[in-house]
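Structure data (CSV, C-alpha atoms) from data25.csv:
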```
chain,number,residue,atom,x,y,z
A,1,MET,CA,0.0,0.0,0.0
A,2,TYR,CA,3.0,2.2,-0.3
A,3,GLY,CA,2.0,5.3,-2.2
A,4,CYS,CA,-1.7,4.5,-2.3
A,5,GLU,CA,-2.5,8.2,-1.5
A,6,ALA,CA,-1.9,9.0,-5.1
A,7,TRP,CA,-4.0,6.2,-6.7
A,8,THR,CA,-7.2,6.8,-8.6
A,9,ILE,CA,-9.5,4.0,-7.7
A,10,SER,CA,-12.1,3.1,-10.3
A,11,LYS,CA,-14.8,0.5,-9.8
A,12,GLN,CA,-12.7,-2.1,-11.6
A,13,ILE,CA,-9.7,-1.5,-9.5
A,14,GLN,CA,-11.8,-1.5,-6.3
A,15,ASN,CA,-13.1,-4.9,-7.2
A,16,LYS,CA,-9.6,-6.2,-7.8
A,17,LEU,CA,-8.5,-4.8,-4.5
A,18,GLU,CA,-11.3,-6.5,-2.7
A,19,ALA,CA,-10.5,-9.8,-4.4
A,20,THR,CA,-6.9,-9.5,-3.4
A,21,GLU,CA,-7.9,-8.8,0.2
A,22,MET,CA,-10.1,-11.9,0.2
A,23,TRP,CA,-7.2,-13.9,-1.3
A,24,PHE,CA,-4.9,-12.8,1.5
A,25,LEU,CA,-7.5,-13.7,4.1
A,26,ARG,CA,-8.0,-17.2,2.6
A,27,ARG,CA,-4.3,-17.7,2.6
A,28,MET,CA,-4.0,-16.7,6.2
A,29,LEU,CA,-6.8,-19.1,7.1
A,30,ARG,CA,-5.3,-21.8,4.9
A,31,THR,CA,-8.5,-22.2,3.1
A,32,PRO,CA,-8.0,-23.7,-0.4
A,33,TRP,CA,-9.5,-21.8,-3.3
A,34,THR,CA,-11.2,-25.1,-4.4
A,35,ALA,CA,-13.3,-25.1,-1.2
A,36,LYS,CA,-16.8,-23.9,-1.9
A,37,LYS,CA,-16.9,-21.1,0.7
A,38,THR,CA,-18.5,-17.7,0.1
A,39,ASN,CA,-16.6,-14.6,0.9
A,40,GLU,CA,-19.1,-13.8,3.6
A,41,ARG,CA,-18.4,-17.1,5.3
A,42,VAL,CA,-14.7,-16.6,5.1
A,43,LEU,CA,-15.1,-13.1,6.7
A,44,ASN,CA,-17.3,-14.6,9.4
A,45,GLU,CA,-14.7,-17.3,10.2
A,46,ALA,CA,-12.0,-14.7,10.5
A,47,ASN,CA,-14.2,-12.2,12.4
A,48,LYS,CA,-13.1,-9.5,10.0
A,49,ARG,CA,-14.7,-7.0,7.7
A,50,ARG,CA,-13.4,-5.7,4.4
A,51,SER,CA,-11.1,-2.8,5.2
A,52,LEU,CA,-8.5,-2.4,2.5
A,53,VAL,CA,-10.4,0.0,0.3
A,54,ARG,CA,-11.6,1.9,3.3
A,55,THR,CA,-8.0,2.3,4.6
A,56,ILE,CA,-6.8,3.5,1.2
A,57,ARG,CA,-9.6,6.1,1.1
A,58,LYS,CA,-8.8,7.3,4.6
A,59,ARG,CA,-5.2,7.7,3.6
A,60,GLN,CA,-6.2,9.6,0.5
A,61,ALA,CA,-8.4,12.0,2.5
A,62,THR,CA,-5.6,12.7,5.0
A,63,PHE,CA,-3.1,13.3,2.2
A,64,LEU,CA,-5.6,15.6,0.5
A,65,GLY,CA,-5.9,17.6,3.6
A,66,HIS,CA,-2.1,17.8,4.0
A,67,VAL,CA,-1.7,18.9,0.4
A,68,MET,CA,-4.4,21.5,0.5
A,69,ARG,CA,-3.2,23.1,3.8
A,70,ARG,CA,0.3,23.3,2.3
A,71,GLY,CA,-0.9,25.2,-0.7
A,72,LYS,CA,2.0,24.7,-3.1
A,73,LEU,CA,2.4,23.1,-6.5
A,74,GLU,CA,0.7,19.9,-5.3
A,75,HIS,CA,-2.4,21.9,-4.5
A,76,LEU,CA,-2.6,23.2,-8.0
A,77,VAL,CA,-2.1,19.7,-9.5
A,78,THR,CA,-4.6,18.0,-7.2
A,79,THR,CA,-7.4,20.6,-7.9
A,80,GLY,CA,-6.6,20.7,-11.6
A,81,LYS,CA,-6.4,24.4,-11.8
A,82,PHE,CA,-3.3,25.0,-13.9
A,83,GLU,CA,-3.0,26.7,-17.3
A,84,GLY,CA,-2.9,24.8,-20.6
A,85,LYS,CA,-5.0,22.9,-23.0
A,86,ARG,CA,-6.8,19.7,-22.2
A,87,SER,CA,-5.8,16.6,-24.0
A,88,ARG,CA,-8.1,15.0,-26.5
A,89,GLY,CA,-10.3,12.0,-25.7
A,90,ARG,CA,-11.8,10.9,-22.4
A,91,GLN,CA,-10.5,12.8,-19.5
A,92,ARG,CA,-8.7,10.8,-16.8
A,93,GLU,CA,-10.2,10.3,-13.4
A,94,LYS,CA,-8.8,12.7,-10.9
A,95,ILE,CA,-8.1,12.1,-7.2
A,96,MET,CA,-10.9,14.7,-6.4
A,97,ASP,CA,-13.4,12.7,-8.4
A,98,GLY,CA,-12.8,9.5,-6.4
A,99,LEU,CA,-12.9,11.3,-3.1
A,100,THR,CA,-16.2,13.1,-3.9
A,101,THR,CA,-17.8,9.8,-4.8
A,102,TRP,CA,-16.5,8.2,-1.6
A,103,LEU,CA,-17.3,11.1,0.7
A,104,GLY,CA,-20.8,11.6,-0.7
A,105,PRO,CA,-22.6,14.1,-2.7
A,106,GLY,CA,-21.2,17.6,-2.3
A,107,LYS,CA,-19.3,20.2,-4.1
A,108,VAL,CA,-15.6,20.1,-4.5
A,109,SER,CA,-15.5,23.6,-3.0
A,110,ASP,CA,-17.2,22.3,0.2
A,111,ILE,CA,-14.6,19.6,0.5
A,112,LEU,CA,-11.7,21.9,-0.1
A,113,ALA,CA,-13.1,24.3,2.6
A,114,ALA,CA,-13.5,21.4,5.0
A,115,VAL,CA,-9.9,20.2,4.6
A,116,LYS,CA,-8.6,23.6,5.9
A,117,ASP,CA,-9.7,22.5,9.4
A,118,ARG,CA,-7.4,19.8,10.5
A,119,ASP,CA,-9.6,18.5,13.3
A,120,LEU,CA,-12.6,18.1,11.1
```

Will you turn the file into structure tokens for me?
Amino acid sequence: MYGCEAWTISKQIQNKLEATEMWFLRRMLRTPWTAKKTNERVLNEANKRRSLVRTIRKRQATFLGHVMRRGKLEHLVTTGKFEGKRSRGRQREKIMDGLTTWLGPGKVSDILAAVKDRDL
């Protein structure tokens, strides 16, 4: 998970991360993949909940707060407010897009105003 603060997580990548988390859990429990056990049953046996994607999102949120409070070049790159032309084709997903879907409906300006307060 080194450097996960800068990842952009699409639905496809999120599914792969959850599958990897389940694979790790099955390996720790020494459950063969040929055993017909559902993911919920494996999670109940381990007394765990899926937490990998949630941990990554928390790290991204704290990193975003750090970058926004600092207010240097990273701030401009993260918010996407720098001069120049946009490239052709479908625009890439930005870090802010992923965080707004995770944090819930709201404007980007509201999120940026909220990250100024470290305790919040």

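CA of Arg54 (chain A) lies 22.2 Å from CA of Arg92 (chain A).
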
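Proximity of A:Gly84, A:Arg30, A:Glu93, A:Met68 to Glu45 (chain A), computed with only C-alpha atoms, is greatest for A:Arg30.
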
Would you pick out the contacts of region 24-29 of chain A at 10 Å or less, using only C-alpha atoms, so that residues sharing its chain but fewer than 2 positions from it are not included, and give the list as a PDB file with C-alpha atoms, in the frame of the given file?
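Just written: selection-v6.pdb:
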```
ATOM      1  CA  GLU A  18     -11.300  -6.500  -2.700  1.00  0.00           C
ATOM      2  CA  ALA A  19     -10.500  -9.800  -4.400  1.00  0.00           C
ATOM      3  CA  THR A  20      -6.900  -9.500  -3.400  1.00  0.00           C
ATOM      4  CA  GLU A  21      -7.900  -8.800   0.200  1.00  0.00           C
ATOM      5  CA  MET A  22     -10.100 -11.900   0.200  1.00  0.00           C
ATOM      6  CA  THR A  31      -8.500 -22.200   3.100  1.00  0.00           C
ATOM      7  CA  PRO A  32      -8.000 -23.700  -0.400  1.00  0.00           C
ATOM      8  CA  TRP A  33      -9.500 -21.800  -3.300  1.00  0.00           C
ATOM      9  CA  LYS A  37     -16.900 -21.100   0.700  1.00  0.00           C
ATOM     10  CA  ASN A  39     -16.600 -14.600   0.900  1.00  0.00           C
ATOM     11  CA  VAL A  42     -14.700 -16.600   5.100  1.00  0.00           C
ATOM     12  CA  LEU A  43     -15.100 -13.100   6.700  1.00  0.00           C
ATOM     13  CA  GLU A  45     -14.700 -17.300  10.200  1.00  0.00           C
ATOM     14  CA  ALA A  46     -12.000 -14.700  10.500  1.00  0.00           C
ATOM     15  CA  LYS A  48     -13.100  -9.500  10.000  1.00  0.00           C
ATOM     16  CA  ARG A  50     -13.400  -5.700   4.400  1.00  0.00           C
TER      17      ARG A  50
END
```

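For the atom pair formed by CA of Leu52 (chain A) and CA of Val67 (chain A), the distance is 22.5 Å, given to one decimal.
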
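Taking CA of Trp7 (chain A) and CA of Ser87 (chain A) as endpoints, the distance between them is 20.3 Å.
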
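Among the candidate residues A:Arg70, A:Lys16, A:Arg41, A:Arg57, the one lying nearest to Met96 (chain A) is A:Arg57, with distances computed using all atoms listed in the file.
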